[in-house]
$ cat protein.txt   # compact mmCIF, C-alpha atoms and all ligand atoms
# COMPACT_ATOMS: atom_id res chain seq x y z
CA MET A 721 90.11 97.78 84.37
CA ASP A 722 90.09 100.46 81.72
CA GLU A 723 92.38 102.81 83.57
CA VAL A 724 95.14 101.48 85.77
CA TYR A 725 96.46 103.71 88.54
CA VAL A 726 100.13 103.94 89.44
CA ILE A 727 100.59 106.11 92.53
CA TYR A 728 104.09 106.89 93.74
CA TRP A 729 106.24 108.94 96.10
CA SER A 730 109.78 109.79 94.96
CA SER A 731 112.33 112.26 96.32
CA THR A 732 114.92 112.32 93.53
CA GLY A 733 113.11 110.66 90.64
CA ASN A 734 114.28 107.04 91.00
CA THR A 735 110.90 105.61 91.99
CA GLN A 736 109.27 108.03 89.56
CA ALA A 737 111.26 106.44 86.69
CA MET A 738 109.98 103.05 87.84
CA ALA A 739 106.39 104.37 87.95
CA GLU A 740 106.72 105.68 84.41
CA ALA A 741 108.05 102.31 83.19
CA ILE A 742 105.11 100.54 84.85
CA GLY A 743 102.85 103.01 83.05
CA GLU A 744 104.53 102.11 79.75
CA GLY A 745 103.98 98.42 80.43
CA ILE A 746 100.32 99.07 81.12
CA ALA A 747 99.98 101.04 77.89
CA GLU A 748 101.82 98.36 75.89
CA ALA A 749 99.32 95.84 77.27
CA GLY A 750 96.51 97.95 75.84
CA LYS A 751 95.21 99.74 78.93
CA LYS A 752 95.31 103.39 79.88
CA ALA A 753 97.74 104.21 82.68
CA ALA A 754 97.24 107.02 85.18
CA VAL A 755 100.64 107.67 86.74
CA LEU A 756 100.32 110.11 89.63
CA GLU A 757 102.40 111.42 92.50
CA VAL A 758 100.75 110.58 95.80
CA ALA A 759 100.33 114.31 96.46
CA ALA A 760 98.06 114.50 93.41
CA ALA A 761 96.14 111.32 94.22
CA ASP A 762 93.17 110.52 96.38
CA VAL A 763 92.48 107.06 97.76
CA SER A 764 88.92 107.28 96.44
CA MET A 765 90.46 106.74 92.97
CA LEU A 766 91.46 103.24 94.01
CA GLU A 767 88.47 102.02 95.99
CA ASN A 768 86.61 100.63 92.98
CA GLN A 769 89.67 99.26 91.18
CA LYS A 770 90.49 95.54 91.12
CA GLY A 771 94.15 96.37 91.21
CA PHE A 772 96.65 99.20 91.17
CA ALA A 773 100.33 99.94 91.73
CA LEU A 774 101.89 101.78 94.65
CA GLY A 775 105.51 102.87 94.75
CA ALA A 776 107.79 104.62 97.22
CA SER A 777 111.48 104.65 98.01
CA ALA A 778 113.03 103.49 101.28
CA MET A 779 113.12 106.44 103.67
CA GLY A 780 113.69 106.97 107.39
CA ALA A 781 115.02 103.68 108.70
CA GLU A 782 113.50 101.25 106.17
CA GLU A 783 110.22 103.16 106.18
CA LEU A 784 107.81 104.81 103.81
CA ASP A 785 107.78 108.58 103.67
CA GLY A 786 105.02 109.94 105.92
CA GLU A 787 102.84 111.10 103.04
CA MET A 788 102.81 107.67 101.42
CA ASP A 789 102.50 105.99 104.80
CA ASN A 790 99.28 107.94 105.47
CA PHE A 791 97.98 107.08 102.01
CA VAL A 792 98.73 103.38 102.58
CA THR A 793 96.93 103.50 105.93
CA GLU A 794 93.81 104.65 104.07
CA VAL A 795 94.30 102.00 101.37
CA GLU A 796 94.42 99.33 104.09
CA THR A 797 90.77 100.02 104.89
CA PHE A 798 89.66 98.64 101.51
CA ALA A 799 92.67 96.57 100.39
CA ASN A 800 91.00 93.23 101.10
CA GLY A 801 90.77 91.31 97.81
CA LYS A 802 92.64 93.89 95.74
CA THR A 803 95.72 93.05 93.69
CA ILE A 804 98.49 95.54 94.42
CA ALA A 805 101.80 95.89 92.58
CA LEU A 806 104.43 97.41 94.89
CA PHE A 807 107.65 99.00 93.73
CA GLY A 808 110.37 101.39 94.79
CA SER A 809 114.01 102.36 94.92
CA TYR A 810 116.47 101.99 97.79
CA ASP A 811 120.18 102.46 98.45
CA TRP A 812 122.11 100.99 101.35
CA GLY A 813 119.54 98.62 102.81
CA ASP A 814 118.57 95.12 101.69
CA GLY A 815 114.96 95.81 100.76
CA GLU A 816 113.62 95.54 104.31
CA TRP A 817 111.22 98.46 103.78
CA MET A 818 109.65 96.63 100.85
CA ARG A 819 109.33 93.31 102.70
CA GLN A 820 107.53 95.16 105.49
CA TRP A 821 105.28 96.90 102.97
CA VAL A 822 104.40 93.59 101.30
CA SER A 823 103.49 92.08 104.70
CA ARG A 824 101.42 95.13 105.56
CA MET A 825 99.37 94.84 102.37
CA GLU A 826 98.96 91.08 102.77
CA GLU A 827 97.82 91.52 106.36
CA ALA A 828 95.17 93.92 105.02
CA GLY A 829 93.96 91.11 102.75
CA ALA A 830 95.50 92.25 99.47
CA VAL A 831 97.26 90.04 96.96
CA VAL A 832 100.69 91.51 96.22
CA LEU A 833 101.40 90.91 92.55
CA ASN A 834 104.18 88.27 92.22
CA GLY A 835 104.26 87.97 96.02
CA GLU A 836 107.01 90.56 96.34
CA GLY A 837 107.77 94.15 95.53
CA CYS A 838 109.75 95.21 92.48
CA ILE A 839 112.81 97.03 93.79
CA ALA A 840 115.71 98.88 92.20
CA ASN A 841 118.98 100.02 93.73
CA LEU A 842 119.10 103.82 93.20
CA ALA A 843 118.26 104.79 89.60
CA PRO A 844 116.65 101.80 87.87
CA ASP A 845 118.96 100.22 85.29
CA GLU A 846 117.70 98.71 82.05
CA GLU A 847 116.94 95.39 83.74
CA ALA A 848 114.90 97.10 86.45
CA ILE A 849 113.05 99.22 83.88
CA GLN A 850 112.18 96.05 81.99
CA ALA A 851 110.96 94.40 85.21
CA CYS A 852 108.74 97.44 85.84
CA LYS A 853 107.30 97.27 82.32
CA THR A 854 106.55 93.58 82.80
CA LEU A 855 104.89 94.36 86.15
CA GLY A 856 102.72 96.97 84.45
CA ALA A 857 101.70 94.50 81.74
CA GLU A 858 100.82 91.88 84.39
CA LEU A 859 98.79 94.40 86.36
CA ALA A 860 96.93 95.42 83.22
CA LYS A 861 95.80 91.81 82.74
CA ILE A 862 94.11 91.31 86.09
C1 LIG B 1 116.32 110.60 104.44
C2 LIG B 1 116.66 109.37 103.65
C3 LIG B 1 116.45 108.11 104.21
C4 LIG B 1 116.76 106.95 103.51
N1 LIG B 1 116.58 105.72 104.11
C5 LIG B 1 116.95 104.61 103.43
C6 LIG B 1 116.81 103.32 104.05
O1 LIG B 1 116.33 103.19 105.17
N2 LIG B 1 117.20 102.24 103.33
C7 LIG B 1 117.71 102.32 102.06
O2 LIG B 1 118.04 101.29 101.46
N3 LIG B 1 117.84 103.52 101.45
C8 LIG B 1 117.47 104.66 102.10
N4 LIG B 1 117.59 105.88 101.49
C9 LIG B 1 118.07 105.94 100.09
C10 LIG B 1 116.91 106.13 99.10
O3 LIG B 1 115.92 105.13 99.27
C11 LIG B 1 117.47 106.07 97.67
O4 LIG B 1 118.30 107.18 97.46
C12 LIG B 1 116.42 105.98 96.62
O5 LIG B 1 117.01 105.74 95.36
C13 LIG B 1 115.60 107.28 96.51
O6 LIG B 1 114.61 107.06 95.52
P1 LIG B 1 113.60 108.23 95.11
O7 LIG B 1 114.36 109.20 94.25
O8 LIG B 1 112.52 107.55 94.35
O9 LIG B 1 113.09 108.83 96.39
C14 LIG B 1 117.28 107.05 102.19
C15 LIG B 1 117.47 108.32 101.61
C16 LIG B 1 117.18 109.47 102.33
C17 LIG B 1 117.40 110.81 101.69
$ encode --input "protein.txt" --output "C-alpha cells" --more "lines below"
Ligand SMILES: Cc1cc2nc3c(=O)[nH]c(=O)nc-3n(C[C@H](O)[C@H](O)[C@H](O)COP(=O)(O)O)c2cc1C
Amino acid sequence: MDEVYVIYWSSTGNTQAMAEAIGEGIAEAGKKAAVLEVAAADVSMLENQKGFALGASAMGAEELDGEMDNFVTEVETFANGKTIALFGSYDWGDGEWMRQWVSRMEEAGAVVLNGEGCIANLAPDEEAIQACKTLGAELAKI
C-alpha cells in the first residue's frame, strides 16, 4: 500500500490525537498516511486497500457515533479479507464499545490488527501515543 488511510471520528480531539500518532507511525515506516475525519472520507477510498485504520470514541452507551456507525456499515460490505486497525478513546466504560466493534469487523470477515482495538482513556498519554505509532508502523507493513 502506497497510501495508508486513517479515518476517524472525534468529538473533543482525543481520538484525533490517536489518529495523528498512527499517521506518524505510518510515515516513520516509510509510507504515506492519509489521516481524515470520517466527514471528509468516502468508503470508496478503502475498497481497494489491503488494510486501513478506523477510529472513533465511545459514545451513546458504548456505541459508535451515528456518522461513524453508518460508515462502518458500508465498510462491512467489503471488509472480508481486509486488515483493519481499530482505535479510539473512552472515559468511564471498560472498552465495551471497542470489543463490540472488533467483533463486528471480524464477523464481516476482516482481520483486526493485533486482534484487539488500541484504546486510550481520555486524552492519550505518552504510552498510548507510542502504541498508536507502533500500530501505524504495523499497518504500513501489511
Ligand atoms: C454523549 C457522550 C457519550 C459517551 N459515552 C461513553 C461511553 O459509553 N463509554 C465511555 O467509556 N465513554 C463515553 N464517553 C466519553 C468519551 O468517549 C470520552 O470523553 C472520549 O475521550 C472522547 O474522545 P473524542 O474526543 O475522540 O471524541 C461519552 C461522551 C459523551 C460526550
$ residues_near_ligand --input "protein.txt" --ligand "ligand LIG 1 (chain B)" --cutoff "6 Å" --atoms "all atoms listed in the file" --output "ChimeraX atom specification"
/A:730-736,777-782,809-813,842-843
$ atom_distance --input "protein.txt" --atom1 "atom CA of Leu756 of chain A" --atom2 "atom CA of Asp814 of chain A"
26.5 Å
$ closest_residue --input "protein.txt" --among "A:Gly786, A:Gly856, A:Gly771, A:Gly835" --to "Met738 of chain A" --atoms "only C-alpha atoms"
A:Gly856
$ residues_around --input "protein.txt" --residues "Ala759 of chain A" --least-positions-apart "5" --cutoff "12 Å" --atoms "only C-alpha atoms" --output "MDAnalysis selection string"
chainID A and resid 727:730 785:791
$ closest_residue --input "protein.txt" --among "A:Gly808, A:Met818, A:Asn834, A:Lys853" --to "Ala753 of chain A" --atoms "all atoms listed in the file"
A:Lys853
$ closest_residue --input "protein.txt" --among "A:Ala739, A:Met765, A:Lys751, A:Ile804" --to "Ala848 of chain A" --atoms "all atoms listed in the file"
A:Ala739
$ closest_residue --input "protein.txt" --among "A:Ala860, A:Cys838, A:Leu784, A:Ala741" --to "Arg824 of chain A" --atoms "all atoms listed in the file"
A:Leu784
$ residues_around --input "protein.txt" --residues "Ile849 of chain A" --least-positions-apart "5" --cutoff "9 Å" --atoms "all atoms listed in the file" --output "VMD selection string"
chain A and resid 737 to 738 741 to 742 840 844 854
$ closest_residue --input "protein.txt" --among "A:Val755, A:Ala747, A:Ile839, A:Gly801" --to "Ala773 of chain A" --atoms "all atoms listed in the file"
A:Val755
$ closest_residue --input "protein.txt" --among "A:Ala851, A:Val726, A:Leu766, A:Ala776" --to "Phe798 of chain A" --atoms "all atoms listed in the file"
A:Leu766
$ atom_distance --input "protein.txt" --atom1 "atom CA of Leu774 of chain A" --atom2 "atom CA of Ala760 of chain A"
13.3 Å
$ residues_around --input "protein.txt" --residues "Ile862 of chain A" --least-positions-apart "4" --cutoff "10 Å" --atoms "all atoms listed in the file" --output "list in words"
Met721, Lys770, Gly771, Phe772, Thr803, Leu833, Ala857 and Glu858 of chain A
$ build_atoms --input "protein.txt" --residues "segment 840-851 of chain A" --atoms "all heavy atoms" --output "PDB file, in the frame of the given file"
ATOM      1  N   ALA A 840     114.537  98.500  92.988  1.00  0.00           N
ATOM      2  CA  ALA A 840     115.710  98.880  92.200  1.00  0.00           C
ATOM      3  C   ALA A 840     116.682  99.616  93.112  1.00  0.00           C
ATOM      4  O   ALA A 840     116.267 100.444  93.935  1.00  0.00           O
ATOM      5  CB  ALA A 840     115.312  99.793  91.049  1.00  0.00           C
ATOM      6  N   ASN A 841     117.962  99.320  92.957  1.00  0.00           N
ATOM      7  CA  ASN A 841     118.980 100.020  93.730  1.00  0.00           C
ATOM      8  C   ASN A 841     119.275 101.357  93.042  1.00  0.00           C
ATOM      9  O   ASN A 841     119.734 101.377  91.895  1.00  0.00           O
ATOM     10  CB  ASN A 841     120.241  99.158  93.835  1.00  0.00           C
ATOM     11  CG  ASN A 841     121.221  99.712  94.838  1.00  0.00           C
ATOM     12  OD1 ASN A 841     122.355 100.035  94.506  1.00  0.00           O
ATOM     13  ND2 ASN A 841     120.788  99.873  96.070  1.00  0.00           N
ATOM     14  N   LEU A 842     118.948 102.461  93.738  1.00  0.00           N
ATOM     15  CA  LEU A 842     119.100 103.820  93.200  1.00  0.00           C
ATOM     16  C   LEU A 842     118.354 103.967  91.876  1.00  0.00           C
ATOM     17  O   LEU A 842     117.228 103.512  91.762  1.00  0.00           O
ATOM     18  CB  LEU A 842     120.586 104.193  93.119  1.00  0.00           C
ATOM     19  CG  LEU A 842     121.274 104.255  94.507  1.00  0.00           C
ATOM     20  CD1 LEU A 842     122.785 104.407  94.364  1.00  0.00           C
ATOM     21  CD2 LEU A 842     120.686 105.373  95.367  1.00  0.00           C
ATOM     22  N   ALA A 843     118.968 104.600  90.877  1.00  0.00           N
ATOM     23  CA  ALA A 843     118.260 104.790  89.600  1.00  0.00           C
ATOM     24  C   ALA A 843     118.074 103.431  88.927  1.00  0.00           C
ATOM     25  O   ALA A 843     119.038 102.662  88.846  1.00  0.00           O
ATOM     26  CB  ALA A 843     119.047 105.718  88.698  1.00  0.00           C
ATOM     27  N   PRO A 844     116.864 103.120  88.494  1.00  0.00           N
ATOM     28  CA  PRO A 844     116.650 101.800  87.870  1.00  0.00           C
ATOM     29  C   PRO A 844     117.487 101.641  86.604  1.00  0.00           C
ATOM     30  O   PRO A 844     117.506 102.540  85.755  1.00  0.00           O
ATOM     31  CB  PRO A 844     115.143 101.803  87.564  1.00  0.00           C
ATOM     32  CG  PRO A 844     114.731 103.242  87.552  1.00  0.00           C
ATOM     33  CD  PRO A 844     115.639 103.947  88.505  1.00  0.00           C
ATOM     34  N   ASP A 845     118.209 100.500  86.520  1.00  0.00           N
ATOM     35  CA  ASP A 845     118.960 100.220  85.290  1.00  0.00           C
ATOM     36  C   ASP A 845     118.019  99.589  84.263  1.00  0.00           C
ATOM     37  O   ASP A 845     116.825  99.429  84.519  1.00  0.00           O
ATOM     38  CB  ASP A 845     120.182  99.327  85.586  1.00  0.00           C
ATOM     39  CG  ASP A 845     119.798  97.977  86.193  1.00  0.00           C
ATOM     40  OD1 ASP A 845     118.594  97.626  86.178  1.00  0.00           O
ATOM     41  OD2 ASP A 845     120.697  97.267  86.674  1.00  0.00           O
ATOM     42  N   GLU A 846     118.555  99.228  83.134  1.00  0.00           N
ATOM     43  CA  GLU A 846     117.700  98.710  82.050  1.00  0.00           C
ATOM     44  C   GLU A 846     116.929  97.468  82.479  1.00  0.00           C
ATOM     45  O   GLU A 846     115.761  97.296  82.143  1.00  0.00           O
ATOM     46  CB  GLU A 846     118.574  98.429  80.809  1.00  0.00           C
ATOM     47  CG  GLU A 846     117.776  98.300  79.519  1.00  0.00           C
ATOM     48  CD  GLU A 846     116.617  99.306  79.366  1.00  0.00           C
ATOM     49  OE1 GLU A 846     116.829 100.525  79.502  1.00  0.00           O
ATOM     50  OE2 GLU A 846     115.475  98.852  79.147  1.00  0.00           O
ATOM     51  N   GLU A 847     117.600  96.630  83.274  1.00  0.00           N
ATOM     52  CA  GLU A 847     116.940  95.390  83.740  1.00  0.00           C
ATOM     53  C   GLU A 847     115.753  95.728  84.652  1.00  0.00           C
ATOM     54  O   GLU A 847     114.671  95.132  84.541  1.00  0.00           O
ATOM     55  CB  GLU A 847     117.972  94.549  84.506  1.00  0.00           C
ATOM     56  CG  GLU A 847     117.528  93.132  84.783  1.00  0.00           C
ATOM     57  CD  GLU A 847     118.588  92.362  85.577  1.00  0.00           C
ATOM     58  OE1 GLU A 847     119.772  92.739  85.506  1.00  0.00           O
ATOM     59  OE2 GLU A 847     118.211  91.425  86.266  1.00  0.00           O
ATOM     60  N   ALA A 848     115.974  96.706  85.530  1.00  0.00           N
ATOM     61  CA  ALA A 848     114.900  97.100  86.450  1.00  0.00           C
ATOM     62  C   ALA A 848     113.750  97.772  85.694  1.00  0.00           C
ATOM     63  O   ALA A 848     112.571  97.546  86.005  1.00  0.00           O
ATOM     64  CB  ALA A 848     115.451  98.044  87.527  1.00  0.00           C
ATOM     65  N   ILE A 849     114.093  98.579  84.701  1.00  0.00           N
ATOM     66  CA  ILE A 849     113.050  99.220  83.880  1.00  0.00           C
ATOM     67  C   ILE A 849     112.213  98.159  83.182  1.00  0.00           C
ATOM     68  O   ILE A 849     110.979  98.219  83.144  1.00  0.00           O
ATOM     69  CB  ILE A 849     113.681 100.200  82.861  1.00  0.00           C
ATOM     70  CG1 ILE A 849     114.232 101.435  83.583  1.00  0.00           C
ATOM     71  CG2 ILE A 849     112.680 100.602  81.765  1.00  0.00           C
ATOM     72  CD1 ILE A 849     113.210 102.367  84.207  1.00  0.00           C
ATOM     73  N   GLN A 850     112.896  97.143  82.673  1.00  0.00           N
ATOM     74  CA  GLN A 850     112.180  96.050  81.990  1.00  0.00           C
ATOM     75  C   GLN A 850     111.274  95.317  82.978  1.00  0.00           C
ATOM     76  O   GLN A 850     110.133  94.966  82.644  1.00  0.00           O
ATOM     77  CB  GLN A 850     113.205  95.098  81.353  1.00  0.00           C
ATOM     78  CG  GLN A 850     112.627  94.231  80.258  1.00  0.00           C
ATOM     79  CD  GLN A 850     111.787  94.996  79.233  1.00  0.00           C
ATOM     80  OE1 GLN A 850     112.264  95.957  78.633  1.00  0.00           O
ATOM     81  NE2 GLN A 850     110.526  94.602  79.044  1.00  0.00           N
ATOM     82  N   ALA A 851     111.775  95.090  84.195  1.00  0.00           N
ATOM     83  CA  ALA A 851     110.960  94.400  85.210  1.00  0.00           C
ATOM     84  C   ALA A 851     109.719  95.237  85.541  1.00  0.00           C
ATOM     85  O   ALA A 851     108.624  94.695  85.741  1.00  0.00           O
ATOM     86  CB  ALA A 851     111.799  94.154  86.476  1.00  0.00           C
TER      87      ALA A 851
END
